[in-house]
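Here the structure is laid out as structure tokens; the discussion comes afterwards.
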Amino acid sequence: MLLALIFLLLGPEIVVATDEGVAAPTGTWRGLDALTGFERQRLDLNTANNGGEKTVAAYLPQETWPFEAPFSAQEIGFRIMDFSHIPRWSHVMADAFGVLTKAGYLTQGVTVGMVDQPVEPGARAQINAAPGEIYSRQIFFDIYPPKNRGLQQMWLMRRTGADNPEKLDFFVYSPSLRRVRRQPPPRREAQFPDVVQSFDDITGREAWELDWRLLGADTLYETVRFPTTRKQVTLGRSDGSFYDMPVSELKMMGDAYPFYREDGG
């Protein structure tokens with residue numbers, strides 16, 4: 001079970017965590033006893049669904065994805081699966097990143113990736129797949145730093161289950177060896193070589209492998225996700241066109257998010 005991992009619900013400002021020992025932050029944070037009427041309408045606070053009783057949780061929620069309010073803690077966890085680092089639709093991306101090494105230094109890299117979601121976009125393709133079935137095919141080509149240029153990886157993402165714990169078929173092409181080698185499937189929370197980032201940080205986590213408990217709600221006003229060193233960034237539309245967006249006008253959940261408050265939270 002992940003510890004002290006806090007997520008934002010798709011909907012109102014409801015936050016959940018997988019560790020009941022997490023201390024609630026101060027300020028805008030509200031515990032279950034201080035939820036607004038609207039938030040209570042959106043939540044299923046039934047003790048069993050909220051993880052309050054030590055019962056055996058159902059493998060999958062009884063309702064059909066994407067569920068309807070009121071949401072249980074488990075259903076919120078499933079909806080969070082749509083927010084993995086790698087988007088859950090077919091696309092090509094250039095991933096320029098900086099990550100800490102295990103020695104505490106910052107290393108940088110650039111990878112070009114192609115992701116094929118063969119059935120349908122979104123987490124539903126993974127949830128509805130049979131255990132062991134491939135729901136996403138991904139290829140990555142390193143172009144920076146120079147020592148890694150030409151290194152290629154192929155990831156075949158598989159639906160996990162009680163009898164199918166492996167989530168990733170992992171192949172690597174080494175330009176120095178000029179060979180493709182199949183790698184052992186990484187264990188949960190296994191880190192990439194020499195960095196603190198894990199495979200699960202990139203691929204996402206399976207909600208059915210975690211215990212979920214509702215802790216309360218919060219209102220968010222800012223994020224460290226967007227750059228402030230540039231006046232504008234170039235974004236893409238679904239039709240393939242591009243446009244420039246001032247960074248001051250970027251919204252945390254996008255323009256179409258329906259639950260913004262009047263004060264912008």
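Residue names in the structure tokens use chain letters A, B, ... in the order shown, residue numbers from 1 in each chain, and ligand numbers from 1 in the order shown.
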Please build the interface table for segment 183-242 of chain A against segment 152-172 of chain A with a cut-off of 10 Å, listing for each qualifying residue the nearest atom pair and the distance in Å to one decimal; count only C-alpha atoms, order rows by chain and increasing number, and write it as CSV.
residue,atom,partner,partner_atom,distance
A:Gln183,CA,A:Phe170,CA,5.3
A:Pro184,CA,A:Phe170,CA,7.0
A:Pro185,CA,A:Leu168,CA,5.8
A:Pro186,CA,A:Leu168,CA,7.4
A:Arg187,CA,A:Glu166,CA,8.2
A:Arg188,CA,A:Lys167,CA,9.2
A:Phe199,CA,A:Leu168,CA,9.4
A:Asp200,CA,A:Lys167,CA,9.8
A:Thr203,CA,A:Met157,CA,8.4
A:Arg205,CA,A:Lys167,CA,9.8
A:Glu206,CA,A:Thr160,CA,7.9
A:Trp208,CA,A:Gly161,CA,8.6
A:Glu209,CA,A:Gly161,CA,8.7
Practice prompt. Write out as a list in words the residues lying within 6 Å of segment 85-93 of chain A, counting only C-alpha atoms and excluding same-chain residues fewer than 4 positions away.
Written response: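 With the cut-off at 6 Å, the set is Val112, Gly113, Met114, Val115, Asp116, Gln117, Pro121, Gly122 and Ile202 of chain A.
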Export of the given selection (N, CA and C atoms) as a PDB file, in the first residue's frame:
ATOM      1  N   VAL A 112      12.060  10.678 -27.100  1.00  0.00           N
ATOM      2  CA  VAL A 112      10.923  10.738 -28.015  1.00  0.00           C
ATOM      3  C   VAL A 112      10.154   9.430 -27.883  1.00  0.00           C
ATOM      4  N   GLY A 113       8.856   9.533 -27.668  1.00  0.00           N
ATOM      5  CA  GLY A 113       8.054   8.339 -27.449  1.00  0.00           C
ATOM      6  C   GLY A 113       6.854   8.266 -28.379  1.00  0.00           C
ATOM      7  N   MET A 114       6.452   7.052 -28.694  1.00  0.00           N
ATOM      8  CA  MET A 114       5.230   6.806 -29.465  1.00  0.00           C
ATOM      9  C   MET A 114       4.367   5.840 -28.664  1.00  0.00           C
ATOM     10  N   VAL A 115       3.154   6.260 -28.376  1.00  0.00           N
ATOM     11  CA  VAL A 115       2.242   5.475 -27.551  1.00  0.00           C
ATOM     12  C   VAL A 115       1.042   5.064 -28.392  1.00  0.00           C
ATOM     13  N   ASP A 116       0.744   3.782 -28.382  1.00  0.00           N
ATOM     14  CA  ASP A 116      -0.410   3.246 -29.109  1.00  0.00           C
ATOM     15  C   ASP A 116      -1.386   2.664 -28.106  1.00  0.00           C
ATOM     16  N   GLN A 117      -2.578   3.246 -28.032  1.00  0.00           N
ATOM     17  CA  GLN A 117      -3.651   2.744 -27.178  1.00  0.00           C
ATOM     18  C   GLN A 117      -4.634   2.042 -28.106  1.00  0.00           C
ATOM     19  N   PRO A 121      -9.105   5.280 -25.786  1.00  0.00           N
ATOM     20  CA  PRO A 121      -8.344   6.138 -24.873  1.00  0.00           C
ATOM     21  C   PRO A 121      -8.899   6.071 -23.458  1.00  0.00           C
ATOM     22  N   GLY A 122      -8.079   6.501 -22.503  1.00  0.00           N
ATOM     23  CA  GLY A 122      -8.531   6.563 -21.126  1.00  0.00           C
ATOM     24  C   GLY A 122      -8.246   5.295 -20.345  1.00  0.00           C
ATOM     25  N   ILE A 202       5.819   6.669 -13.789  1.00  0.00           N
ATOM     26  CA  ILE A 202       5.620   6.943 -15.209  1.00  0.00           C
ATOM     27  C   ILE A 202       4.368   6.247 -15.740  1.00  0.00           C
TER      28      ILE A 202
END
Item to complete: From the DSSP assignment of the backbone, select every residue of segment 109-166 of chain A that is strand (DSSP E), and format the answer as an MDAnalysis selection string.
Response: chainID A and resid 109:116 134:144 152:158
Discussion item. Write out as a PyMOL selection string the set of residues from segment 27-261 of chain A that DSSP, computed on the backbone, places in helix (DSSP H, G or I).
Written reply: chain A and resi 32-34+37-42+73-80+124-128+146-148+199-203+207-209+247-249
Worksheet item: Which residue gives the smallest distance to Asp211 of chain A among A:Glu75, A:Asp95, A:Asp255, A:Asp244, with only C-alpha atoms counted?
Response: A:Glu75
Which residues are near Gly98 of chain A? Cut-off 7 Å, only C-alpha atoms, ignore same chain within fewer than 4 positions. Put them as a compact mmCIF listing (two decimals) with C-alpha atoms, in the first residue's frame.
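This is the output file selection16.txt:
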# COMPACT_ATOMS: atom_id res chain seq x y z
CA LEU A 106 20.04 16.62 -11.06
CA THR A 107 20.30 14.79 -14.38
CA GLN A 108 18.55 15.75 -17.60
CA GLY A 109 17.36 13.85 -20.63
Would you mind listing what lies within 12 Å of Tyr243 of chain A as a PDB file with C-alpha atoms, in the first residue's frame, with only C-alpha atoms counted and same-chain residues fewer than 5 positions away left out?
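Listing of out.pdb after writing:
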ATOM      1  CA  GLN A 232       4.219  31.756 -23.141  1.00  0.00           C
ATOM      2  CA  VAL A 233       4.262  28.099 -24.156  1.00  0.00           C
ATOM      3  CA  THR A 234       3.117  26.345 -27.324  1.00  0.00           C
ATOM      4  CA  LEU A 235       0.205  23.937 -26.907  1.00  0.00           C
ATOM      5  CA  GLY A 236      -1.540  21.568 -29.305  1.00  0.00           C
ATOM      6  CA  ARG A 237      -5.197  21.161 -30.201  1.00  0.00           C
ATOM      7  CA  SER A 238      -6.992  17.887 -30.869  1.00  0.00           C
TER       8      SER A 238
END
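Candidate residues A:Lys102, A:Ala94, A:Tyr221, A:Lys231 were compared for distance to Tyr260 of chain A, and the nearest is A:Tyr221, using only C-alpha atoms.
Note that the spacing between atom CA of Tyr173 of chain A and atom CA of Leu100 of chain A amounts to 24.1 Å.
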Skipping near chain neighbours, those fewer than 3 positions away, what residues fall within 7 Å of Pro70 of chain A using only C-alpha atoms, listed as a short mmCIF file (atom, residue, chain, number, x, y, z; two decimals) with N, CA and C atoms, in the first residue's frame?
data_model
loop_
_atom_site.label_atom_id
_atom_site.label_comp_id
_atom_site.auth_asym_id
_atom_site.auth_seq_id
_atom_site.Cartn_x
_atom_site.Cartn_y
_atom_site.Cartn_z
N GLN A 41 -22.82 15.71 -0.97
CA GLN A 41 -23.66 15.12 -2.01
C GLN A 41 -22.82 14.32 -3.01
N ARG A 42 -21.56 14.70 -3.18
CA ARG A 42 -20.70 14.04 -4.16
C ARG A 42 -19.97 12.83 -3.59
N LEU A 43 -20.05 12.62 -2.27
CA LEU A 43 -19.27 11.56 -1.62
C LEU A 43 -20.17 10.50 -1.02
N ASP A 44 -19.71 9.25 -1.10
CA ASP A 44 -20.34 8.15 -0.40
C ASP A 44 -19.54 7.92 0.88
#
Worksheet item: Smallest atom-to-atom distance to Leu151 of chain A: which of A:Thr111, A:Ser136, A:Ser248, A:Ser72, using only C-alpha atoms?
Response: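 Between A:Thr111, A:Ser136, A:Ser248, A:Ser72, the residue approaching Leu151 of chain A most closely is A:Thr111.
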Practice prompt. Measure the distance from atom CA of Arg137 of chain A to atom CA of Ala73 of chain A in Å and round it to one decimal.
Written response: 29.8 Å
Worksheet entry | Counting only C-alpha atoms, the option among A:Gly240, A:Gly265, A:Gly77, A:Pro258 closest to Thr223 of chain A |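 Nearest candidate to Thr223 of chain A out of A:Gly240, A:Gly265, A:Gly77, A:Pro258: A:Gly265.
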